[in-house]
file upload-v3.pdb (PDB, C-alpha atoms and all ligand atoms)
ATOM      1  CA  MET A   1     -22.222  43.443  -2.181
ATOM      2  CA  THR A   2     -18.559  44.478  -1.997
ATOM      3  CA  ALA A   3     -15.963  43.142  -4.456
ATOM      4  CA  ALA A   4     -14.390  41.125  -1.642
ATOM      5  CA  ASN A   5     -17.756  39.454  -0.919
ATOM      6  CA  LEU A   6     -18.537  38.925  -4.603
ATOM      7  CA  PHE A   7     -15.267  37.018  -5.067
ATOM      8  CA  TRP A   8     -15.057  35.460  -1.611
ATOM      9  CA  PRO A   9     -13.130  32.149  -1.953
ATOM     10  CA  SER A  10     -15.051  28.881  -1.948
ATOM     11  CA  ASP A  11     -14.473  25.413  -0.471
ATOM     12  CA  TYR A  12     -12.951  24.426  -3.814
ATOM     13  CA  SER A  13     -10.154  26.950  -3.439
ATOM     14  CA  GLY A  14      -9.795  25.881   0.190
ATOM     15  CA  MET A  15      -8.759  22.413  -1.013
ATOM     16  CA  ILE A  16      -5.985  23.898  -3.152
ATOM     17  CA  VAL A  17      -4.864  26.263  -0.384
ATOM     18  CA  ASN A  18      -4.698  23.307   1.988
ATOM     19  CA  HIS A  19      -2.606  21.277  -0.451
ATOM     20  CA  LEU A  20      -0.172  24.152  -1.003
ATOM     21  CA  ARG A  21       0.208  24.791   2.716
ATOM     22  CA  SER A  22       0.951  21.093   3.241
ATOM     23  CA  ASN A  23       3.486  21.103   0.384
ATOM     24  CA  PRO A  24       5.146  24.539   0.496
ATOM     25  CA  SER A  25       8.062  23.450  -1.703
ATOM     26  CA  LEU A  26       5.617  23.453  -4.618
ATOM     27  CA  ALA A  27       5.530  27.249  -4.286
ATOM     28  CA  GLN A  28       8.873  28.283  -2.828
ATOM     29  CA  GLY A  29      10.948  30.133  -5.416
ATOM     30  CA  ARG A  30       8.542  29.106  -8.158
ATOM     31  CA  ARG A  31       6.986  30.827 -11.136
ATOM     32  CA  VAL A  32       3.217  30.498 -10.810
ATOM     33  CA  CYS A  33       0.201  30.871 -13.090
ATOM     34  CA  ASP A  34      -3.321  31.157 -11.614
ATOM     35  CA  ILE A  35      -6.055  30.751 -14.241
ATOM     36  CA  GLY A  36      -9.412  32.315 -13.253
ATOM     37  CA  THR A  37      -7.812  33.966 -10.244
ATOM     38  CA  GLY A  38     -11.008  35.502  -8.753
ATOM     39  CA  SER A  39     -10.074  36.779  -5.289
ATOM     40  CA  GLY A  40      -6.468  35.882  -6.030
ATOM     41  CA  ILE A  41      -6.411  33.478  -3.083
ATOM     42  CA  LEU A  42      -4.556  30.667  -4.869
ATOM     43  CA  ALA A  43      -1.690  32.752  -6.195
ATOM     44  CA  ALA A  44      -1.663  34.817  -2.986
ATOM     45  CA  THR A  45      -1.138  31.594  -1.027
ATOM     46  CA  ALA A  46       1.716  30.639  -3.354
ATOM     47  CA  LEU A  47       3.258  34.100  -2.875
ATOM     48  CA  HIS A  48       2.833  33.796   0.878
ATOM     49  CA  LEU A  49       4.744  30.497   0.705
ATOM     50  CA  GLY A  50       7.593  32.067  -1.254
ATOM     51  CA  ALA A  51       6.639  32.067  -4.955
ATOM     52  CA  VAL A  52       8.633  34.731  -6.778
ATOM     53  CA  ASP A  53       6.614  35.477  -9.868
ATOM     54  CA  VAL A  54       2.879  35.255 -10.643
ATOM     55  CA  VAL A  55       0.819  35.538 -13.809
ATOM     56  CA  ALA A  56      -2.933  35.577 -13.081
ATOM     57  CA  THR A  57      -5.830  35.682 -15.524
ATOM     58  CA  ASP A  58      -9.567  36.205 -15.226
ATOM     59  CA  LEU A  59     -12.442  37.182 -17.488
ATOM     60  CA  ASP A  60     -13.577  39.663 -14.878
ATOM     61  CA  VAL A  61     -11.690  42.927 -14.466
ATOM     62  CA  ASP A  62     -13.101  43.429 -10.968
ATOM     63  CA  ALA A  63     -11.610  40.096  -9.932
ATOM     64  CA  LEU A  64      -8.214  41.205 -11.243
ATOM     65  CA  THR A  65      -8.398  44.437  -9.262
ATOM     66  CA  LEU A  66      -9.125  42.475  -6.094
ATOM     67  CA  ALA A  67      -6.451  39.875  -6.876
ATOM     68  CA  ARG A  68      -3.855  42.619  -7.323
ATOM     69  CA  GLN A  69      -4.698  43.888  -3.826
ATOM     70  CA  SER A  70      -4.418  40.347  -2.430
ATOM     71  CA  PHE A  71      -0.989  39.847  -4.013
ATOM     72  CA  ALA A  72       0.324  43.236  -2.861
ATOM     73  CA  ARG A  73      -0.863  42.470   0.635
ATOM     74  CA  VAL A  74       1.104  39.235   0.996
ATOM     75  CA  ALA A  75       4.136  39.955  -1.195
ATOM     76  CA  PRO A  76       4.562  43.638  -2.060
ATOM     77  CA  ASP A  77       7.989  43.014  -3.608
ATOM     78  CA  ALA A  78       7.055  40.015  -5.764
ATOM     79  CA  ARG A  79       6.475  40.245  -9.511
ATOM     80  CA  PHE A  80       2.882  39.798 -10.569
ATOM     81  CA  ASP A  81       1.205  40.282 -13.865
ATOM     82  CA  LEU A  82      -2.609  40.304 -14.117
ATOM     83  CA  ARG A  83      -4.279  39.751 -17.448
ATOM     84  CA  GLN A  84      -7.895  39.911 -18.559
ATOM     85  CA  GLY A  85      -9.160  37.211 -20.905
ATOM     86  CA  SER A  86     -10.300  33.631 -21.201
ATOM     87  CA  VAL A  87      -8.210  30.794 -19.773
ATOM     88  CA  TRP A  88      -4.752  30.865 -21.492
ATOM     89  CA  GLU A  89      -5.580  33.478 -24.156
ATOM     90  CA  PRO A  90      -4.025  36.458 -22.345
ATOM     91  CA  VAL A  91      -0.876  34.543 -21.352
ATOM     92  CA  ALA A  92       2.156  35.061 -23.601
ATOM     93  CA  PRO A  93       2.485  32.141 -26.051
ATOM     94  CA  ALA A  94       5.932  31.119 -24.832
ATOM     95  CA  ALA A  95       5.252  31.513 -21.115
ATOM     96  CA  CYS A  96       5.909  28.393 -19.061
ATOM     97  CA  PHE A  97       5.441  27.830 -15.332
ATOM     98  CA  ASP A  98       6.599  25.708 -12.418
ATOM     99  CA  LEU A  99       3.183  25.701 -10.784
ATOM    100  CA  VAL A 100      -0.240  26.156 -12.405
ATOM    101  CA  LEU A 101      -3.300  26.663 -10.189
ATOM    102  CA  ALA A 102      -6.980  26.772 -11.163
ATOM    103  CA  ASN A 103     -10.438  26.561  -9.694
ATOM    104  CA  LEU A 104     -12.436  27.262 -12.824
ATOM    105  CA  PRO A 105     -16.234  27.346 -13.131
ATOM    106  CA  ASN A 106     -17.469  23.789 -13.808
ATOM    107  CA  PHE A 107     -20.957  23.558 -12.413
ATOM    108  CA  PRO A 108     -22.921  21.680 -15.093
ATOM    109  CA  ALA A 109     -25.605  24.240 -15.957
ATOM    110  CA  GLU A 110     -26.345  26.788 -18.681
ATOM    111  CA  VAL A 111     -27.636  29.379 -16.231
ATOM    112  CA  ILE A 112     -27.772  29.698 -12.460
ATOM    113  CA  ALA A 113     -29.997  31.999 -10.439
ATOM    114  CA  THR A 114     -26.991  33.108  -8.395
ATOM    115  CA  ASP A 115     -26.667  33.851  -4.729
ATOM    116  CA  GLY A 116     -25.228  37.245  -5.630
ATOM    117  CA  ARG A 117     -22.191  35.868  -7.476
ATOM    118  CA  ARG A 118     -21.634  36.639 -11.148
ATOM    119  CA  ALA A 119     -22.738  33.846 -13.502
ATOM    120  CA  THR A 120     -19.119  33.420 -14.624
ATOM    121  CA  TRP A 121     -18.181  32.358 -11.085
ATOM    122  CA  SER A 122     -19.440  28.794 -11.395
ATOM    123  CA  VAL A 123     -21.418  28.149 -14.620
ATOM    124  CA  GLY A 124     -19.619  25.566 -16.742
ATOM    125  CA  GLY A 125     -22.176  25.030 -19.529
ATOM    126  CA  ALA A 126     -24.404  21.980 -19.973
ATOM    127  CA  ASP A 127     -21.537  19.503 -19.617
ATOM    128  CA  GLY A 128     -19.700  21.641 -17.063
ATOM    129  CA  ARG A 129     -16.517  21.583 -19.160
ATOM    130  CA  GLN A 130     -16.570  24.875 -21.079
ATOM    131  CA  ALA A 131     -13.600  26.306 -19.128
ATOM    132  CA  ILE A 132     -11.977  23.047 -17.969
ATOM    133  CA  ASP A 133     -11.428  21.681 -21.492
ATOM    134  CA  PRO A 134      -9.519  24.695 -22.873
ATOM    135  CA  PHE A 135      -7.567  24.762 -19.625
ATOM    136  CA  LEU A 136      -6.553  21.107 -20.092
ATOM    137  CA  ALA A 137      -5.811  21.613 -23.790
ATOM    138  CA  GLY A 138      -3.284  24.363 -23.055
ATOM    139  CA  LEU A 139      -1.789  22.921 -19.887
ATOM    140  CA  PRO A 140       0.990  20.589 -21.126
ATOM    141  CA  GLN A 141       2.888  23.280 -23.024
ATOM    142  CA  ARG A 142       2.552  25.679 -20.075
ATOM    143  CA  LEU A 143       4.313  23.420 -17.567
ATOM    144  CA  HIS A 144       8.073  23.181 -17.302
ATOM    145  CA  PHE A 145       9.505  19.689 -16.972
ATOM    146  CA  GLY A 146       9.224  19.012 -13.260
ATOM    147  CA  GLY A 147       6.277  21.422 -12.990
ATOM    148  CA  THR A 148       2.958  20.751 -11.278
ATOM    149  CA  ALA A 149      -0.654  21.732 -11.927
ATOM    150  CA  ILE A 150      -3.214  21.699  -9.115
ATOM    151  CA  PHE A 151      -6.888  22.220  -9.827
ATOM    152  CA  THR A 152     -10.351  21.267  -8.631
ATOM    153  CA  GLN A 153     -13.177  19.737 -10.586
ATOM    154  CA  ASN A 154     -16.684  18.535  -9.849
ATOM    155  CA  ARG A 155     -16.518  14.776 -10.338
ATOM    156  CA  CYS A 156     -19.866  14.684 -12.151
ATOM    157  CA  VAL A 157     -18.425  16.546 -15.158
ATOM    158  CA  GLY A 158     -16.083  13.657 -15.908
ATOM    159  CA  LEU A 159     -13.170  12.716 -13.686
ATOM    160  CA  GLY A 160     -12.170   9.846 -16.000
ATOM    161  CA  LEU A 161     -12.295  12.133 -19.036
ATOM    162  CA  THR A 162     -10.018  14.674 -17.364
ATOM    163  CA  LEU A 163      -7.489  12.087 -16.160
ATOM    164  CA  ASP A 164      -7.432  10.481 -19.631
ATOM    165  CA  LYS A 165      -6.744  13.830 -21.312
ATOM    166  CA  LEU A 166      -3.922  14.617 -18.899
ATOM    167  CA  ARG A 167      -2.321  11.201 -19.297
ATOM    168  CA  GLN A 168      -2.642  11.284 -23.088
ATOM    169  CA  ASP A 169      -0.709  14.541 -22.946
ATOM    170  CA  GLY A 170       2.089  12.858 -21.028
ATOM    171  CA  LEU A 171       1.284  14.206 -17.577
ATOM    172  CA  VAL A 172       1.220  12.054 -14.456
ATOM    173  CA  ALA A 173      -2.152  12.826 -12.859
ATOM    174  CA  GLU A 174      -3.940  11.690  -9.737
ATOM    175  CA  VAL A 175      -6.671  12.706  -7.314
ATOM    176  CA  LEU A 176      -5.070  13.692  -4.001
ATOM    177  CA  ASP A 177      -8.136  14.851  -2.087
ATOM    178  CA  SER A 178     -11.921  14.772  -2.412
ATOM    179  CA  THR A 179     -14.752  16.369  -0.507
ATOM    180  CA  LEU A 180     -18.504  16.923  -0.677
ATOM    181  CA  VAL A 181     -19.780  20.473  -1.175
ATOM    182  CA  PRO A 182     -23.457  21.082  -0.463
ATOM    183  CA  ILE A 183     -25.416  22.871  -3.162
ATOM    184  CA  GLY A 184     -28.383  25.111  -2.426
ATOM    185  CA  PRO A 185     -31.917  24.669  -3.752
ATOM    186  CA  GLU A 186     -31.480  27.272  -6.505
ATOM    187  CA  LYS A 187     -28.496  25.403  -7.878
ATOM    188  CA  ILE A 188     -30.109  21.963  -7.602
ATOM    189  CA  GLY A 189     -32.824  23.173  -9.970
ATOM    190  CA  ALA A 190     -30.233  24.372 -12.491
ATOM    191  CA  LEU A 191     -28.172  21.148 -12.610
ATOM    192  CA  SER A 192     -27.883  19.938 -16.183
ATOM    193  CA  SER A 193     -28.787  16.356 -16.998
ATOM    194  CA  ALA A 194     -25.878  16.220 -19.481
ATOM    195  CA  ARG A 195     -23.330  15.524 -16.740
ATOM    196  CA  THR A 196     -21.147  12.541 -17.511
ATOM    197  CA  GLU A 197     -20.646  10.960 -14.071
ATOM    198  CA  PRO A 198     -23.840  10.893 -12.009
ATOM    199  CA  SER A 199     -21.876   9.217  -9.195
ATOM    200  CA  GLY A 200     -20.363  12.644  -8.491
ATOM    201  CA  ILE A 201     -23.689  13.780  -7.059
ATOM    202  CA  VAL A 202     -24.692  12.606  -3.596
ATOM    203  CA  GLU A 203     -28.261  13.034  -2.356
ATOM    204  CA  VAL A 204     -29.337  12.335   1.198
ATOM    205  CA  ALA A 205     -32.802  13.176   2.508
ATOM    206  CA  GLY A 206     -33.338  15.763  -0.221
ATOM    207  CA  PHE A 207     -30.027  17.536   0.447
ATOM    208  CA  VAL A 208     -27.587  17.454  -2.456
ATOM    209  CA  PHE A 209     -23.783  17.496  -2.494
ATOM    210  CA  LEU A 210     -21.303  17.644  -5.345
ATOM    211  CA  CYS A 211     -18.219  15.493  -4.984
ATOM    212  CA  VAL A 212     -15.184  17.680  -5.708
ATOM    213  CA  ASP A 213     -11.758  16.272  -6.555
ATOM    214  CA  LEU A 214      -8.372  17.888  -6.107
ATOM    215  CA  ILE A 215      -6.379  16.849  -9.181
ATOM    216  CA  VAL A 216      -2.605  17.113  -9.252
ATOM    217  CA  ALA A 217      -0.778  16.665 -12.561
ATOM    218  CA  GLU A 218       2.986  16.670 -13.036
ATOM    219  CA  ARG A 219       5.096  17.005 -16.137
ATOM    220  CA  ILE A 220       7.787  14.511 -15.316
ATOM    221  CA  ALA A 221      11.309  15.056 -16.599
ATOM    222  CA  HIS A 222      12.501  11.862 -18.303
ATOM    223  CA  PRO A 223      16.147  10.762 -18.427
ATOM    224  CA  GLY A 224      18.039  13.281 -20.536
ATOM    225  CA  GLN A 225      15.460  16.007 -19.826
ATOM    226  CA  ASP A 226      16.528  18.140 -16.885
ATOM    227  CA  ALA A 227      13.848  19.552 -14.656
ATOM    228  CA  ASP A 228      13.877  23.216 -15.612
ATOM    229  CA  ILE A 229      11.672  24.732 -12.969
ATOM    230  CA  ALA A 230      12.223  28.363 -12.031
ATOM    231  CA  MET A 231      14.981  28.816 -14.588
ATOM    232  CA  SER A 232      13.678  29.934 -17.960
ATOM    233  CA  ASP A 233      12.250  33.298 -18.976
ATOM    234  CA  SER A 234       8.586  33.590 -19.987
ATOM    235  CA  GLY A 235       9.387  36.313 -22.524
ATOM    236  CA  PRO A 236       7.253  39.348 -23.285
ATOM    237  CA  GLN A 237       3.606  39.222 -22.295
ATOM    238  CA  THR A 238       1.176  40.115 -25.043
ATOM    239  CA  GLY A 239      -2.248  40.104 -23.333
ATOM    240  CA  ALA A 240      -3.987  43.231 -22.065
ATOM    241  CA  TYR A 241      -2.307  44.383 -18.885
ATOM    242  CA  VAL A 242      -4.789  45.233 -16.129
TER     243      VAL A 242
HETATM  244  C1  LIG B   1     -15.010  29.535  -8.949
HETATM  245  S1  LIG B   1     -14.268  31.099  -9.194
HETATM  246  C2  LIG B   1     -12.741  30.812  -8.314
HETATM  247  C3  LIG B   1     -11.782  31.938  -8.268
HETATM  248  C4  LIG B   1     -10.620  31.815  -7.281
HETATM  249  N1  LIG B   1      -9.880  30.585  -7.381
HETATM  250  C5  LIG B   1     -11.102  32.084  -5.878
HETATM  251  O1  LIG B   1     -11.309  31.180  -5.097
HETATM  252  O2  LIG B   1     -11.312  33.268  -5.578
HETATM  253  C6  LIG B   1     -13.851  31.046 -10.911
HETATM  254  C7  LIG B   1     -13.185  32.307 -11.463
HETATM  255  O3  LIG B   1     -12.917  32.055 -12.843
HETATM  256  C8  LIG B   1     -13.259  33.221 -13.601
HETATM  257  N2  LIG B   1     -13.577  32.729 -14.957
HETATM  258  C9  LIG B   1     -14.730  32.211 -15.420
HETATM  259  N3  LIG B   1     -14.602  31.817 -16.704
HETATM  260  C10 LIG B   1     -13.315  32.097 -17.044
HETATM  261  C11 LIG B   1     -12.565  31.933 -18.236
HETATM  262  N4  LIG B   1     -13.097  31.400 -19.351
HETATM  263  N5  LIG B   1     -11.286  32.343 -18.245
HETATM  264  C12 LIG B   1     -10.720  32.906 -17.142
HETATM  265  N6  LIG B   1     -11.385  33.092 -15.974
HETATM  266  C13 LIG B   1     -12.660  32.683 -15.931
HETATM  267  C14 LIG B   1     -14.407  33.851 -12.873
HETATM  268  O4  LIG B   1     -14.520  35.219 -13.175
HETATM  269  C15 LIG B   1     -14.026  33.571 -11.408
HETATM  270  O5  LIG B   1     -13.257  34.625 -10.884
END
call {"tool": "encode", "arguments": {"input": "upload-v3.pdb", "output": "structure tokens"}}
result
Amino acid sequence: MTAANLFWPSDYSGMIVNHLRSNPSLAQGRRVCDIGTGSGILAATALHLGAVDVVATDLDVDALTLARQSFARVAPDARFDLRQGSVWEPVAPAACFDLVLANLPNFPAEVIATDGRRATWSVGGADGRQAIDPFLAGLPQRLHFGGTAIFTQNRCVGLGLTLDKLRQDGLVAEVLDSTLVPIGPEKIGALSSARTEPSGIVEVAGFVFLCVDLIVAERIAHPGQDADIAMSDSGPQTGAYV
């Protein structure tokens, strides 16, 4: 299997791509961070729409190599910085963004007999939240006032929990799109029973779908706080450069 096939984008990323293409001002002139970049499709779409600066992270060095090619293909003159590591760890502590994108693994399972993908592509641990929770924990301080985060999540791992965390952190969060993604027999067998919202799983005639939500969260600038998107400097990057 080639690297491009191994990291071929999924329906989940398609939802984010669709939202960006329908709202290009979210990307135009913006500083973007793509967490778990994989093929690089999310940040590449932002670059294609006019983003000026991208930081992308992934655990997998092969993903970063492919993402670099994707970025260079759509925006050879843009600034992009690819960093290997988990979630926010490789991102410079002071770095702040106008737009944060993520389609992190959150399939509720410990192990999946994969269809050729690496396990890190979709396995989210028993509760499905092992990457989502650190992502949410770091998000508020990574968004400029006026900035937006767009990410996907399987509803069964806890839509209410995610929205509560975002709102407690002062972000305005809502679900702007939802779809059903079919899951194959090998994944059905791996589904953990620890999932928090069984209503996120739809079964018809033995075929199983996961309900996937597109969540959009904004850090609203309050009176006296100017929106500061695309204006401040992220400072030196400290993670391993790939
Ligand atoms: C579902 S894939 C989506 C990738 C990308 N959005 C796309 O469509 O090509 C999830 C990606 O997150 C990466 N990943 C998994 N766990 C991670 C973690 N803890 N920190 C950063 N990246 C992670 C995987 O290597 C994979 O590339």
call {"tool": "residues_around", "arguments": {"input": "upload-v3.pdb", "residues": "region 26-33 of chain A", "least_positions_apart": "5", "cutoff": "7 Å", "atoms": "only C-alpha atoms", "output": "PyMOL selection string"}}
result
chain A and resi 20+46+49-56+97-101+230
call {"tool": "closest_residue", "arguments": {"input": "upload-v3.pdb", "among": "A:Ala72, A:Ala92, A:Val123, A:Ala3", "to": "ligand LIG 1 (chain B)", "atoms": "all atoms listed in the file"}}
result
A:Val123
call {"tool": "resolve_selection", "arguments": {"input": "upload-v3.pdb", "expression": "the PyMOL selection byres (((chain A and resi 13-17) around 12) and not hetatm)", "output": "number ranges by chain"}}
result
A: 7-12, 18-24, 26-27, 34, 36-49, 100-105, 149-153, 175-181, 212-216
call {"tool": "axis_aligned_box", "arguments": {"input": "upload-v3.pdb", "around": "ligand LIG 1 (chain B)", "padding_each_side": "5 Å", "output": "AutoDock Vina command-line options"}}
result
--center_x -12.4 --center_y 32.4 --center_z -12.2 --size_x 15.1 --size_y 15.7 --size_z 24.3
call {"tool": "closest_residue", "arguments": {"input": "upload-v3.pdb", "among": "A:Leu210, A:Ile132, A:Ala75, A:Ala126", "to": "ligand LIG 1 (chain B)", "atoms": "all atoms listed in the file"}}
result
A:Ile132
call {"tool": "atom_distance", "arguments": {"input": "upload-v3.pdb", "atom1": "CA of Arg83 (chain A)", "atom2": "CA of Leu64 (chain A)"}}
result
7.5 Å
call {"tool": "atom_distance", "arguments": {"input": "upload-v3.pdb", "atom1": "CA of Asp164 (chain A)", "atom2": "CA of Ala109 (chain A)"}}
result
23.1 Å
call {"tool": "resolve_selection", "arguments": {"input": "upload-v3.pdb", "expression": "the PyMOL selection byres (((chain A and resi 118) around 12) and not hetatm)", "output": "ChimeraX atom specification"}}
result
/A:1,3,5-8,38,59-60,62-63,105,111-117,119-123
call {"tool": "closest_residue", "arguments": {"input": "upload-v3.pdb", "among": "A:Gly160, A:Gly146, A:Pro140, A:Pro76", "to": "Glu197 (chain A)", "atoms": "only C-alpha atoms"}}
result
A:Gly160
call {"tool": "resolve_selection", "arguments": {"input": "upload-v3.pdb", "expression": "the PyMOL selection byres (((chain A and resi 139) around 10) and not hetatm)", "output": "PyMOL selection string"}}
result
chain A and resi 88+96-97+100+133-138+140-143+149+166+169+171+217+219
call {"tool": "residues_around", "arguments": {"input": "upload-v3.pdb", "residues": "Glu218 (chain A)", "least_positions_apart": "2", "cutoff": "6 Å", "atoms": "only C-alpha atoms", "output": "ChimeraX atom specification"}}
result
/A:147-148,171-172,220
